[in-house]
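Asks: Pasting a structure here, questions to come.
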Amino acid sequence: MALPHIFEASWPDPTKLGVDSKSAAILLNEARETFAGHLGVRSDEISFLGEPNLGFHLALNGLLAPSLRMVYSNIDRMEIFAIAQSHPNLKLATSASGEIDFKECANSDVVSLQLCNRETGIIQVGRPENCAELFVDATASGTRIGLPENWSAALWDSTSWAGPSGLGILAISKKAKWKNPLPHLDGRVNPGPTSLPLIVASALAIDSWVADEKNLAAKITAINTEIRTYITTKIPDSDLAPGGADHLLSASFLYINAEQLVTILADKGFAVDSGSACSAANMEPSHVLAALGTLTQGNIRLTIHHGTTFEEVKAFLEVLEQTVSELRA
Amino acid sequence: MEVLDCLGKRCPLPVIELAKVLKPKPVNSQIRLLSDDPASAPDLIAWARMTGNKVTELGESTFEVTKLTD
């Protein structure tokens with residue numbers, strides 16, 4: 001998709017008549033086709049959401065007919081846990097390496113499958129063969145992992161291809177028995193309208209992301225290996241969470257207050273996130289780390305971006321090693 | 001058995017204090033640790049795995065710790 005004229009013009013409403021509105025509608029359709037192509041779904045199965053996390057509710061509550069049970073896992077997102085509260089449910093426990101065994105699933109189950117865990121990068125290889133409907137949480141995997149053939153609904157987050165935040169893409173398969181859980185009078189999935197500028201910007205981002213992805217995959221894998229090796233060999237009492245997707249990595253350090261560590265790293269120019277209790281609003285440790293048996297204190301979560309360089313990573317690791325050592329002294 | 005009271009102390013203080021108290025003690029020493037921080041249960045189990053010691057959760061914010069390595 002080429003950078004469209006509309007970025008310089010005003011942003012007309014694509015649902016109105018008028019010449020400008022028609023060109024906006026064409027642009028919206030182009031964006032829809034762009035996403036459909038990269039995500040492996042039909043363009044008429046796609047809805048745009050201004051609040052990506054609303055997609056969990058729309059997808060799952062739309063699939064969960066009253067007679068069906070919801071099956072999910074203990075490393076799923078908190079939004080999934082919240083939805084499960086209102087349904088008969090089964091919570092599956094992950095193995096220490098992050099694998100989930102779906103063999104208990106029955107044909108009266110709606111299964112929630114997380115392709116990639118956004119905290120650790122764990123890629124779920126298990127697939128439920130036997131289920132009524134399959135919801136796929138693709139919010140962290142983005143374009144990296146394709147949908148299983150028996151998908152019913154799937155949710156993506158625009159930030160996973162370095163697009164703008166505040167945009168979710170929800171696909172509902174034409175084969176799924178999905179019923180809109182929101183009050184509605186027509187066939188729209190969400191009331192909308194969703195921001196056209198965000199949709200267009202995200203469509204441009206996904207195009208460039210996919211074009212870069214193949215070229216940069218080897219570099220990102222090498223950076224991930226470099227970080228893991230460095231932490232394991234040079235920083236004592238460290239604990240790496242199991243991983244999978246090379247752009248994500250989660251590591252914990254014994255005897256370290258994560259809030260102090262993240263603050264010092266930020267002062268030195270490195271933005272990292274944390275799953276430790278002291279850095280969470282609710283003072284609870286990450287349920288993902290706890291489920292995996294990974295140390296939750298002194299935790300940092302890293303995202304390796306397309307633009308991340310070896311030089312930056314080398315500088316970061318030296319600062320990390322020094323800071324952990326100073327905080328322990 | 002010696003009791004280390006860390007009630008009300010937030011992560012990572014209970015684990016730091018435990019390691020400090022355990023350091024001069026001989027192998028096979030036991031300590032009862034009291035901690036009500038939500039991170040303590042997962043972190044004491046992870047600490048035991050990483051350092052080669054033993055932790056048993058007795059419930060009601062109580063953990064029995066056995067030093068197995070120096």
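Starting from 1 in every chain, residues are counted up; chains themselves are A, B, ... following the order of the structure tokens, and ligands are numbered from 1 as listed.
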Leaving out stretch 16-28 of chain A and any residue of its chain fewer than 3 positions from it, which residues lie within 8 Å of it when counting only C-alpha atoms, given as a PyMOL selection string?

Replies: chain A and resi 6+11-13+31-32+196+199-200

Asks: Produce a table with one row for each residue of chain B that has an atom at most 6 Å from any atom of chain A, each row naming the nearest atom pair and its distance in Å at one decimal; use only C-alpha atoms; arrange rows by chain and rising residue number; format as a tab-separated table.

Replies:
```
residue	atom	partner	partner_atom	distance
B:Pro12	CA	A:Asn257	CA	5.9
B:Ile16	CA	A:Tyr255	CA	5.3
B:Ala39	CA	A:Pro285	CA	5.7
B:Pro42	CA	A:Ala290	CA	5.6
B:Asp43	CA	A:Leu295	CA	5.3
B:Ala46	CA	A:Leu295	CA	5.2
```

Asks: For those residues, write C-alpha atoms to a file as a compact mmCIF listing (two decimals), in the first residue's frame.

Replies:
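The resulting again38.txt:
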```txt
# COMPACT_ATOMS: atom_id res chain seq x y z
CA PRO B 12 12.01 -9.22 47.32
CA ILE B 16 16.83 -11.35 50.75
CA ALA B 39 5.11 -13.24 45.47
CA PRO B 42 6.33 -18.74 43.83
CA ASP B 43 9.61 -16.98 44.65
CA ALA B 46 12.09 -20.67 42.55
```

Asks: So, counting only C-alpha atoms, which residue among B:Leu33, B:Val21, B:Leu44, B:Leu13 is closest to B:Ser61?

Replies: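 Closest residue, counting only C-alpha atoms: B:Leu33.
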
Asks: Show which residues sit within 10 Å of A:Asn117, as number ranges by chain. Count only C-alpha atoms, and ignore same-chain residues fewer than 4 positions away.

Replies: A: 75-77, 98, 121-124, 137-141, 243-245, 248, 288

Asks: According to DSSP computed on the backbone, where in stretch 168-304 of chain A is there helix (DSSP H, G or I)? Give the residues as a VMD selection string.

Replies: chain A and resid 196 to 234 258 to 267 277 to 279 287 to 292

Asks: Export, as an mmCIF file, in the first residue's frame, the selected residues with C-alpha atoms.

Replies:
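result.cif, freshly written:
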```
data_model
loop_
_atom_site.group_PDB
_atom_site.id
_atom_site.type_symbol
_atom_site.label_atom_id
_atom_site.label_comp_id
_atom_site.auth_asym_id
_atom_site.auth_seq_id
_atom_site.Cartn_x
_atom_site.Cartn_y
_atom_site.Cartn_z
ATOM 1 C CA LEU A 196 -9.626 5.660 9.721
ATOM 2 C CA PRO A 197 -6.202 7.309 10.297
ATOM 3 C CA LEU A 198 -5.227 4.487 12.675
ATOM 4 C CA ILE A 199 -6.440 1.812 10.257
ATOM 5 C CA VAL A 200 -4.517 3.330 7.344
ATOM 6 C CA ALA A 201 -1.363 3.861 9.419
ATOM 7 C CA SER A 202 -1.537 0.294 10.682
ATOM 8 C CA ALA A 203 -2.037 -1.077 7.148
ATOM 9 C CA LEU A 204 1.108 0.792 6.035
ATOM 10 C CA ALA A 205 2.933 -0.549 9.109
ATOM 11 C CA ILE A 206 1.964 -4.183 8.488
ATOM 12 C CA ASP A 207 3.165 -3.964 4.866
ATOM 13 C CA SER A 208 6.558 -2.642 5.861
ATOM 14 C CA TRP A 209 6.774 -5.010 8.839
ATOM 15 C CA VAL A 210 6.191 -8.075 6.687
ATOM 16 C CA ALA A 211 8.693 -6.835 4.092
ATOM 17 C CA ASP A 212 11.360 -6.397 6.818
ATOM 18 C CA GLU A 213 10.490 -9.510 8.808
ATOM 19 C CA LYS A 214 12.253 -12.046 6.587
ATOM 20 C CA ASN A 215 15.418 -9.956 6.274
ATOM 21 C CA LEU A 216 15.664 -9.222 9.987
ATOM 22 C CA ALA A 217 14.649 -12.599 11.436
ATOM 23 C CA ALA A 218 18.227 -13.900 11.568
ATOM 24 C CA LYS A 219 19.476 -10.749 13.331
ATOM 25 C CA ILE A 220 16.705 -10.888 15.940
ATOM 26 C CA THR A 221 17.378 -14.587 16.604
ATOM 27 C CA ALA A 222 21.089 -13.830 17.059
ATOM 28 C CA ILE A 223 20.348 -10.927 19.439
ATOM 29 C CA ASN A 224 18.023 -13.118 21.509
ATOM 30 C CA THR A 225 20.694 -15.836 21.751
ATOM 31 C CA GLU A 226 23.309 -13.216 22.684
ATOM 32 C CA ILE A 227 21.139 -11.867 25.530
ATOM 33 C CA ARG A 228 20.287 -15.338 26.855
ATOM 34 C CA THR A 229 23.910 -16.484 26.767
ATOM 35 C CA TYR A 230 25.167 -13.308 28.437
ATOM 36 C CA ILE A 231 22.620 -13.436 31.269
ATOM 37 C CA THR A 232 23.171 -17.156 31.876
ATOM 38 C CA THR A 233 26.970 -16.995 31.881
ATOM 39 C CA LYS A 234 27.733 -13.553 33.328
ATOM 40 C CA ALA A 258 12.401 -4.876 39.902
ATOM 41 C CA GLU A 259 11.090 -1.358 40.357
ATOM 42 C CA GLN A 260 14.585 -0.122 41.245
ATOM 43 C CA LEU A 261 16.138 -2.088 38.380
ATOM 44 C CA VAL A 262 13.652 -0.813 35.770
ATOM 45 C CA THR A 263 14.055 2.779 37.022
ATOM 46 C CA ILE A 264 17.861 2.687 36.840
ATOM 47 C CA LEU A 265 17.777 1.085 33.388
ATOM 48 C CA ALA A 266 15.333 3.786 32.225
ATOM 49 C CA ASP A 267 17.674 6.509 33.563
ATOM 50 C CA ALA A 277 4.794 -7.587 41.932
ATOM 51 C CA CYS A 278 6.505 -4.358 43.012
ATOM 52 C CA SER A 279 6.117 -2.905 39.517
ATOM 53 C CA HIS A 287 0.573 -14.916 36.850
ATOM 54 C CA VAL A 288 2.485 -16.138 33.798
ATOM 55 C CA LEU A 289 5.832 -16.312 35.633
ATOM 56 C CA ALA A 290 4.180 -17.912 38.670
ATOM 57 C CA ALA A 291 2.460 -20.540 36.463
ATOM 58 C CA LEU A 292 5.773 -21.400 34.806
#
```

Asks: Please run DSSP on the backbone and report, as a list in words, all residues within stretch 35-88 of chain A that come out as strand (DSSP E).

Replies: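 These are the residues in question: Ile46, Ser47, Phe48, Leu49, Arg69, Met70, Val71, Tyr72 and Ser73 of chain A.
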
Asks: Got time to write the residues from that selection, C-alpha atoms, as an mmCIF file, in the first residue's frame?

Replies:
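Saved to part_21.cif:
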```cif
data_model
loop_
_atom_site.group_PDB
_atom_site.id
_atom_site.type_symbol
_atom_site.label_atom_id
_atom_site.label_comp_id
_atom_site.auth_asym_id
_atom_site.auth_seq_id
_atom_site.Cartn_x
_atom_site.Cartn_y
_atom_site.Cartn_z
ATOM 1 C CA ILE A 46 -12.471 -8.519 9.518
ATOM 2 C CA SER A 47 -13.733 -5.884 11.984
ATOM 3 C CA PHE A 48 -11.632 -3.033 13.320
ATOM 4 C CA LEU A 49 -11.712 -2.257 17.037
ATOM 5 C CA ARG A 69 -17.752 -24.775 28.332
ATOM 6 C CA MET A 70 -14.835 -22.354 28.059
ATOM 7 C CA VAL A 71 -11.343 -23.893 28.086
ATOM 8 C CA TYR A 72 -8.298 -21.682 28.595
ATOM 9 C CA SER A 73 -4.850 -21.868 30.175
#
```

Asks: So how far away is atom CA of A:Ala280 from atom CA of A:Leu170, in Å?

Replies: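 Between atom CA of A:Leu170 and atom CA of A:Ala280 the gap works out to 28.0 Å.
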
Asks: Take atom CA of A:Phe316 and atom CA of A:Thr159 and report the distance between them in Å, one decimal.

Replies: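 Between these atoms lies a distance of 23.2 Å.
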
Asks: I'd like the contact shell of B:Ser29 - 9 Å cut-off, only C-alpha atoms, skipping same-chain residues fewer than 5 positions apart - returned as a PDB file with C-alpha atoms, in the first residue's frame.

Replies:
```
ATOM      1  CA  LEU B  22      20.823 -18.711  56.299  1.00  0.00           C
ATOM      2  CA  VAL B  65      13.219 -23.867  54.773  1.00  0.00           C
ATOM      3  CA  THR B  66      16.084 -26.375  54.883  1.00  0.00           C
ATOM      4  CA  LYS B  67      19.585 -25.295  53.926  1.00  0.00           C
ATOM      5  CA  LEU B  68      21.110 -27.997  51.722  1.00  0.00           C
TER       6      LEU B  68
END
```

Asks: Hey, what's within 10 Å of A:Leu64 if we count only C-alpha atoms and toss same-chain stuff fewer than 2 positions away? As a list in words, please?

Replies: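 With the cut-off at 10 Å, the set is Ala59, Leu60, Asn61, Gly62, Pro66, Ser67, Leu68, Arg69, Met70, His87, Pro88, Ser108, Asp109, Val110, Val111, Ala132, Glu133, Lys177, Trp178, Lys179 and Pro181 of chain A.
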
Asks: Could you take the residues named above and write them with N, CA and C atoms, as a CSV table (one decimal), in the first residue's frame?

Replies:
```
chain,number,residue,atom,x,y,z
A,59,ALA,N,-15.3,-11.7,20.9
A,59,ALA,CA,-15.0,-13.0,20.3
A,59,ALA,C,-15.5,-14.2,21.2
A,60,LEU,N,-15.1,-14.2,22.4
A,60,LEU,CA,-15.4,-15.3,23.3
A,60,LEU,C,-16.8,-15.4,23.7
A,61,ASN,N,-17.4,-14.2,24.2
A,61,ASN,CA,-18.8,-14.3,24.6
A,61,ASN,C,-19.7,-14.5,23.4
A,62,GLY,N,-19.3,-14.1,22.2
A,62,GLY,CA,-20.1,-14.4,21.0
A,62,GLY,C,-20.1,-15.8,20.7
A,66,PRO,N,-24.9,-20.9,25.7
A,66,PRO,CA,-25.1,-21.3,27.1
A,66,PRO,C,-24.7,-22.7,27.4
A,67,SER,N,-24.8,-23.6,26.4
A,67,SER,CA,-24.5,-25.0,26.8
A,67,SER,C,-23.0,-25.3,26.7
A,68,LEU,N,-22.2,-24.4,26.2
A,68,LEU,CA,-20.7,-24.7,26.0
A,68,LEU,C,-19.9,-24.3,27.2
A,69,ARG,N,-18.7,-25.0,27.3
A,69,ARG,CA,-17.8,-24.8,28.3
A,69,ARG,C,-16.6,-24.0,27.7
A,70,MET,N,-16.0,-23.1,28.5
A,70,MET,CA,-14.8,-22.4,28.1
A,70,MET,C,-13.6,-23.0,28.6
A,87,HIS,N,-18.7,-18.2,32.8
A,87,HIS,CA,-19.1,-19.4,32.1
A,87,HIS,C,-18.6,-20.7,32.8
A,88,PRO,N,-19.2,-21.9,32.6
A,88,PRO,CA,-18.6,-23.1,33.0
A,88,PRO,C,-17.2,-23.1,32.3
A,108,SER,N,-18.0,-30.0,23.1
A,108,SER,CA,-18.9,-28.9,23.6
A,108,SER,C,-18.1,-27.8,24.3
A,109,ASP,N,-16.8,-27.7,23.8
A,109,ASP,CA,-15.9,-26.6,24.4
A,109,ASP,C,-15.6,-25.5,23.4
A,110,VAL,N,-15.5,-24.3,24.0
A,110,VAL,CA,-15.0,-23.2,23.2
A,110,VAL,C,-13.6,-23.0,23.8
A,111,VAL,N,-12.5,-23.2,23.0
A,111,VAL,CA,-11.2,-23.2,23.5
A,111,VAL,C,-10.5,-21.9,23.1
A,132,ALA,N,-15.8,-27.3,20.0
A,132,ALA,CA,-17.0,-26.7,19.2
A,132,ALA,C,-16.5,-25.5,18.4
A,133,GLU,N,-15.8,-24.6,19.1
A,133,GLU,CA,-15.3,-23.3,18.5
A,133,GLU,C,-13.9,-23.1,19.0
A,177,LYS,N,-20.2,-20.3,14.6
A,177,LYS,CA,-21.6,-20.0,15.2
A,177,LYS,C,-21.4,-18.9,16.2
A,178,TRP,N,-21.3,-17.7,15.7
A,178,TRP,CA,-21.0,-16.5,16.6
A,178,TRP,C,-22.2,-15.6,16.6
A,179,LYS,N,-22.5,-15.2,17.8
A,179,LYS,CA,-23.7,-14.3,18.0
A,179,LYS,C,-23.2,-13.1,18.8
A,181,PRO,N,-22.5,-10.4,21.2
A,181,PRO,CA,-22.9,-10.3,22.6
A,181,PRO,C,-23.3,-8.8,23.0
```

Asks: Quick one: residues within 9 Å of B:Asp36, only C-alpha atoms counted, chain neighbours fewer than 3 positions away excluded, as a list in words?

Replies: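 Close residues of B:Asp36: Cys6, Leu7, Gly8, Lys9, Arg10, Ala39, Ser40, Ala41, Glu60, Ser61 and Thr62 of chain B.
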
Asks: Any idea what the distance is between atom CA of A:Val324 and atom CA of A:Ile304?

Replies: 20.6 Å
